[in-house]
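*Asks:* Have a look at this one before I ask anything.
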Amino acid sequence: MNEITLTEEQRDCLQELINVAMGQASDKLARYLQTFVHLQVPYIELIDSEVLPERFAETYAQEGVSLVSQGFYGEKGILGESLLIYKSHDAHGIAEILGYEPDDVSEVEQLTDISSILTTTFLNGLAEQIDNQLAYSAPRVVSSMETPLEHHLQQLSFNWDLALKVDISYQVVDFSFNCDMVLLIPGEAIKNIQKVLDQILDEF
Amino acid sequence: MNIPVLICDDSTLARKQVKKSLPSNWDVEVQFASNGREALNIMREQQIGVLFLDLTMPEIDGIGVLEANHAEKLVDFTIVVSADIQPEMQNRVAELGALAFIQKPVNTTKLTEILQQYGLL
C-alpha cells in the first residue's frame, strides 16, 4: 500500500477550496428551498480503501441508507466518484422538502433531484477554483436494503486506493435534514490534486 | 500613516488570499488572527482600522465577533469575506454592522471596488 499523505499546507488549502464549494452548494439549496442551511467547518480525512467499508458499516449499520453515486472526470487527471449518503429517515422526508405530493415521483427521482443540486454545485465550485472543468456520469441510486454498500464500492470503474472523505452535514433548519458527502478519488488523481494544491500554494 | 488592518480567518490560505488581494497602493500594516477569539483580543488591545472577517470558524465565529464588536464598538470598518453567502446570512451580517460582504474567493478587483466605494482607498 503506497502511502499518500497531505502536508499541513495542502490540507489547509484543500479545506478552504471545499469550504467555498460547500458555501455555494448550501446557498443554492437555501435559495431553492427558501430556507437557511446551517454550515459547519467541513471535516476532511484521507481513508484507506480497506477501511472505508468498515467505517460505512459502523456509521450506518443501525439504519438503512440510500446513496447517490456519481462519477466526475476533469482535465489534468482529476477524477473520482461523489457519494451523497442519506439515512433512510431523511430520504423519506425529501418529498416534503422539495414540495412534492406523496407518490408524485418515486423516491429515486427525489434523491436524484436533491443530489444534483448539491453534487454538481459543489463539484463545479471546486472545479472553478482549480481552473478545471468536470464532466459527470449519470447518477445511480443505491439502497443499502438492496445492495450492500461494499458491493457498490467494489463495482466502481476505477480501483481507488484512498478516499478523500469530506464530512459535510447540510442541516436544513426548517426540515431537520442531513446528508453526508464522500468523495472517492483513486491514487493517481490524489497526486494530481496535490500538484494543483501546490500550484495554488506557490502563488501565495 | 499606515492603517492597521486585521485579517481573521481559520484558513492560512484564506488569510494569504486576503493579504495578497489588498491593493498595492494602500498603505496598511497587516496583522492576522486565526479565529474569532484571537481577533477580539487584538481588537480590544489595539486600534484596528479595518477588519476582514471570515464567518465559519472554530472558537468564536464571525457572527460572534460581529456581535461583540457591535456591543463594544471596537472597529468601525468590518468587511466580511465568506463562503457562506446565503441571503439570510448576508442580512444578518449587515444588521450587525458589517460594511460589506465579499464572496470567497476574494480577489484584488472585488476588494478594491469595495474599498473605493466606502472611501477607504
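Residue numbering restarts at 1 in every chain; chains get A, B, ... in the order shown in the C-alpha cells, and ligands count up from 1 in that same order.
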Might you pull out every residue within 6 Å of range 92-100 of chain B, with only C-alpha atoms counted and same-chain residues fewer than 4 positions away left off, and present them as a ChimeraX atom specification?

*Replies:* /B:66,78-79

*Asks:* Could you write those residues out with N, CA, C and O atoms, as a tab-separated table (two decimals), in the first residue's frame?

*Replies:*
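Below you can see out.tsv, which holds the result:
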```tsv
chain	number	residue	atom	x	y	z
B	66	LEU	N	-18.81	39.84	15.28
B	66	LEU	CA	-19.64	40.99	14.91
B	66	LEU	C	-20.52	41.43	16.08
B	66	LEU	O	-20.71	42.63	16.31
B	78	THR	N	-15.78	46.90	9.14
B	78	THR	CA	-15.64	45.45	9.04
B	78	THR	C	-16.14	44.98	7.68
B	78	THR	O	-17.25	45.30	7.27
B	79	ILE	N	-15.28	44.23	7.00
B	79	ILE	CA	-15.66	43.66	5.71
B	79	ILE	C	-15.65	42.15	5.87
B	79	ILE	O	-14.63	41.55	6.19
```

*Asks:* Could you give me, as a Markdown table, a per-residue list for chain A showing, wherever an atom lies at most 6 Å from an atom of chain B, the closest pair of atoms and their distance in Å to one decimal, using only C-alpha atoms and sorting by chain then residue number from low to high?

*Replies:*
```
| residue | atom | partner | partner_atom | distance |
| --- | --- | --- | --- | --- |
| A:Cys13 | CA | B:Leu13 | CA | 5.7 |
| A:Val20 | CA | B:Ala83 | CA | 4.7 |
| A:Gly23 | CA | B:Asp84 | CA | 4.6 |
| A:Asp27 | CA | B:Gln86 | CA | 4.8 |
```

*Asks:* From the DSSP assignment of the backbone, select every residue of chain B that is helix (DSSP H, G or I), and format the answer as a ChimeraX atom specification.

*Replies:* /B:12-21,36-45,62-72,87-95,108-117

*Asks:* Any chance you could list, as a list in words, the residues in range 43-111 of chain B that come up strand (DSSP E or B) when DSSP is run on the backbone?

*Replies:*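 Written out, the strand (DSSP E or B) residues of range 43-111 of chain B are Val50, Leu51, Phe52, Leu53, Phe77, Thr78, Ile79, Val80, Val81, Ser82, Ala100, Phe101, Ile102 and Gln103 of chain B.
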
*Asks:* State, in Å with one decimal place, the distance from CA of Ile97 in chain A to CA of Arg55 in chain A.

*Replies:*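 Calculated distance between CA of Ile97 in chain A and CA of Arg55 in chain A is 28.7 Å.
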
*Asks:* I'd like the contact shell of Leu51 in chain B - 12 Å cut-off, only C-alpha atoms, skipping same-chain residues fewer than 4 positions apart - returned as a PyMOL selection string.

*Replies:* chain B and resi 3-9+15+18-19+28-33+36+39-40+42-43+47+62+65-66+69+74-81+98-101+115

*Asks:* Can I get the selection written as a compact mmCIF listing (two decimals), in the first residue's frame, with N, CA, C and O atoms?

*Replies:*
```
# COMPACT_ATOMS: atom_id res chain seq x y z
N ILE B 3 -2.62 52.33 7.91
CA ILE B 3 -3.88 51.90 8.52
C ILE B 3 -3.68 50.50 9.10
O ILE B 3 -3.24 49.59 8.39
N PRO B 4 -3.97 50.31 10.40
CA PRO B 4 -3.84 48.96 10.96
C PRO B 4 -5.00 48.07 10.50
O PRO B 4 -6.16 48.38 10.75
N VAL B 5 -4.64 46.99 9.80
CA VAL B 5 -5.63 46.08 9.24
C VAL B 5 -5.50 44.72 9.92
O VAL B 5 -4.40 44.23 10.14
N LEU B 6 -6.65 44.13 10.26
CA LEU B 6 -6.64 42.79 10.86
C LEU B 6 -7.39 41.83 9.95
O LEU B 6 -8.52 42.10 9.53
N ILE B 7 -6.73 40.70 9.62
CA ILE B 7 -7.35 39.68 8.78
C ILE B 7 -7.63 38.46 9.64
O ILE B 7 -6.71 37.86 10.20
N CYS B 8 -8.89 38.09 9.77
CA CYS B 8 -9.28 36.98 10.64
C CYS B 8 -9.92 35.86 9.84
O CYS B 8 -10.99 36.03 9.25
N ASP B 9 -9.24 34.72 9.79
CA ASP B 9 -9.76 33.54 9.09
C ASP B 9 -9.05 32.32 9.66
O ASP B 9 -7.87 32.41 10.00
N ARG B 15 -6.26 33.60 4.65
CA ARG B 15 -5.62 34.82 5.17
C ARG B 15 -4.65 35.39 4.14
O ARG B 15 -4.60 36.59 3.89
N VAL B 18 -6.48 37.07 1.22
CA VAL B 18 -6.94 38.44 1.52
C VAL B 18 -5.76 39.39 1.47
O VAL B 18 -5.81 40.45 0.83
N LYS B 19 -4.65 39.00 2.10
CA LYS B 19 -3.49 39.89 2.14
C LYS B 19 -3.01 40.20 0.72
O LYS B 19 -2.72 41.35 0.38
N VAL B 28 -0.94 50.05 4.46
CA VAL B 28 -1.50 49.36 5.62
C VAL B 28 -0.45 48.56 6.38
O VAL B 28 0.61 48.25 5.86
N GLU B 29 -0.81 48.26 7.62
CA GLU B 29 0.01 47.35 8.40
C GLU B 29 -0.88 46.17 8.78
O GLU B 29 -1.89 46.34 9.45
N VAL B 30 -0.51 44.96 8.30
CA VAL B 30 -1.41 43.82 8.41
C VAL B 30 -1.07 42.92 9.60
O VAL B 30 0.09 42.60 9.84
N GLN B 31 -2.11 42.56 10.34
CA GLN B 31 -1.98 41.54 11.38
C GLN B 31 -2.97 40.42 11.07
O GLN B 31 -3.96 40.63 10.40
N PHE B 32 -2.70 39.24 11.66
CA PHE B 32 -3.56 38.09 11.41
C PHE B 32 -4.14 37.51 12.69
O PHE B 32 -3.50 37.55 13.75
N ALA B 33 -5.34 36.94 12.58
CA ALA B 33 -5.93 36.16 13.67
C ALA B 33 -6.54 34.91 13.06
O ALA B 33 -7.11 34.97 11.97
N GLY B 36 -12.03 33.80 15.94
CA GLY B 36 -12.70 34.98 16.47
C GLY B 36 -12.16 35.44 17.82
O GLY B 36 -12.09 36.64 18.10
N ALA B 39 -9.01 37.35 17.32
CA ALA B 39 -9.32 38.63 16.71
C ALA B 39 -9.82 39.62 17.77
O ALA B 39 -9.35 40.76 17.84
N LEU B 40 -10.74 39.17 18.62
CA LEU B 40 -11.29 40.06 19.64
C LEU B 40 -10.21 40.52 20.62
O LEU B 40 -10.20 41.69 21.04
N ILE B 42 -7.07 41.03 19.98
CA ILE B 42 -6.29 42.07 19.30
C ILE B 42 -7.12 43.36 19.21
O ILE B 42 -6.61 44.46 19.48
N MET B 43 -8.39 43.22 18.87
CA MET B 43 -9.25 44.40 18.70
C MET B 43 -9.44 45.17 20.00
O MET B 43 -9.63 46.39 20.00
N GLN B 47 -5.95 49.69 18.37
CA GLN B 47 -6.87 50.35 17.45
C GLN B 47 -6.73 49.71 16.07
O GLN B 47 -5.65 49.79 15.48
N GLY B 62 -17.49 34.23 13.08
CA GLY B 62 -17.58 35.61 12.61
C GLY B 62 -18.78 36.35 13.20
O GLY B 62 -18.69 37.54 13.51
N VAL B 65 -17.93 37.55 16.60
CA VAL B 65 -17.07 38.74 16.55
C VAL B 65 -17.90 39.98 16.24
O VAL B 65 -17.75 41.03 16.88
N LEU B 66 -18.81 39.84 15.28
CA LEU B 66 -19.64 40.99 14.91
C LEU B 66 -20.52 41.43 16.08
O LEU B 66 -20.71 42.63 16.31
N ASN B 69 -18.32 43.18 18.58
CA ASN B 69 -17.92 44.47 18.03
C ASN B 69 -19.07 45.48 18.04
O ASN B 69 -18.87 46.66 18.30
N LEU B 74 -15.57 48.42 18.69
CA LEU B 74 -14.11 48.31 18.64
C LEU B 74 -13.55 48.77 17.29
O LEU B 74 -12.59 49.53 17.24
N VAL B 75 -14.15 48.27 16.21
CA VAL B 75 -13.64 48.58 14.87
C VAL B 75 -14.78 49.20 14.05
O VAL B 75 -15.89 48.69 14.04
N ASP B 76 -14.48 50.28 13.36
CA ASP B 76 -15.52 50.97 12.58
C ASP B 76 -15.84 50.25 11.28
O ASP B 76 -16.98 50.17 10.86
N PHE B 77 -14.79 49.75 10.61
CA PHE B 77 -14.98 49.18 9.28
C PHE B 77 -14.72 47.68 9.27
O PHE B 77 -13.57 47.26 9.38
N THR B 78 -15.78 46.90 9.14
CA THR B 78 -15.64 45.45 9.04
C THR B 78 -16.14 44.98 7.68
O THR B 78 -17.25 45.30 7.27
N ILE B 79 -15.28 44.23 7.00
CA ILE B 79 -15.66 43.66 5.71
C ILE B 79 -15.65 42.15 5.87
O ILE B 79 -14.63 41.55 6.19
N VAL B 80 -16.82 41.53 5.68
CA VAL B 80 -16.93 40.09 5.81
C VAL B 80 -16.48 39.43 4.50
O VAL B 80 -16.90 39.84 3.42
N VAL B 81 -15.60 38.44 4.63
CA VAL B 81 -15.13 37.68 3.47
C VAL B 81 -15.51 36.24 3.74
O VAL B 81 -14.90 35.59 4.58
N ALA B 98 -21.73 45.10 9.70
CA ALA B 98 -20.65 44.92 8.73
C ALA B 98 -20.89 45.85 7.54
O ALA B 98 -22.01 46.06 7.11
N LEU B 99 -19.80 46.40 7.05
CA LEU B 99 -19.87 47.39 5.98
C LEU B 99 -20.20 46.72 4.65
O LEU B 99 -21.02 47.20 3.87
N ALA B 100 -19.54 45.59 4.39
CA ALA B 100 -19.69 44.94 3.09
C ALA B 100 -19.48 43.44 3.22
O ALA B 100 -18.97 42.96 4.24
N PHE B 101 -19.89 42.74 2.20
CA PHE B 101 -19.84 41.29 2.18
C PHE B 101 -19.15 40.86 0.88
O PHE B 101 -19.61 41.19 -0.21
N LEU B 115 -13.39 48.95 -1.26
CA LEU B 115 -12.62 49.95 -0.51
C LEU B 115 -12.86 51.35 -1.08
O LEU B 115 -12.99 52.32 -0.35
```

*Asks:* CA of Asp180 in chain A and CA of Glu16 in chain A, how far apart in Å?

*Replies:*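 The value is 18.1 Å.
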
*Asks:* For CA of Ile44 in chain A and CA of Met181 in chain A, determine how far apart the two atoms are, in Å to one decimal place.

*Replies:* 10.6 Å

*Asks:* Counting only C-alpha atoms, which residue out of A:Thr119, A:Asn19, A:Thr112, A:Gln34 sits closest to Gly71 in chain A?

*Replies:* A:Thr119

*Asks:* Show me, as a ChimeraX atom specification, the residues that have an atom within 7 Å of Gln24 in chain A when counting only C-alpha atoms, minus same-chain residues fewer than 5 positions from it.

*Replies:* /A:121-122,125

*Asks:* Gln154 in chain A: which residues within 12 Å, counting only C-alpha atoms, same-chain residues fewer than 6 positions away excluded, as a count of residues only?

*Replies:* 9
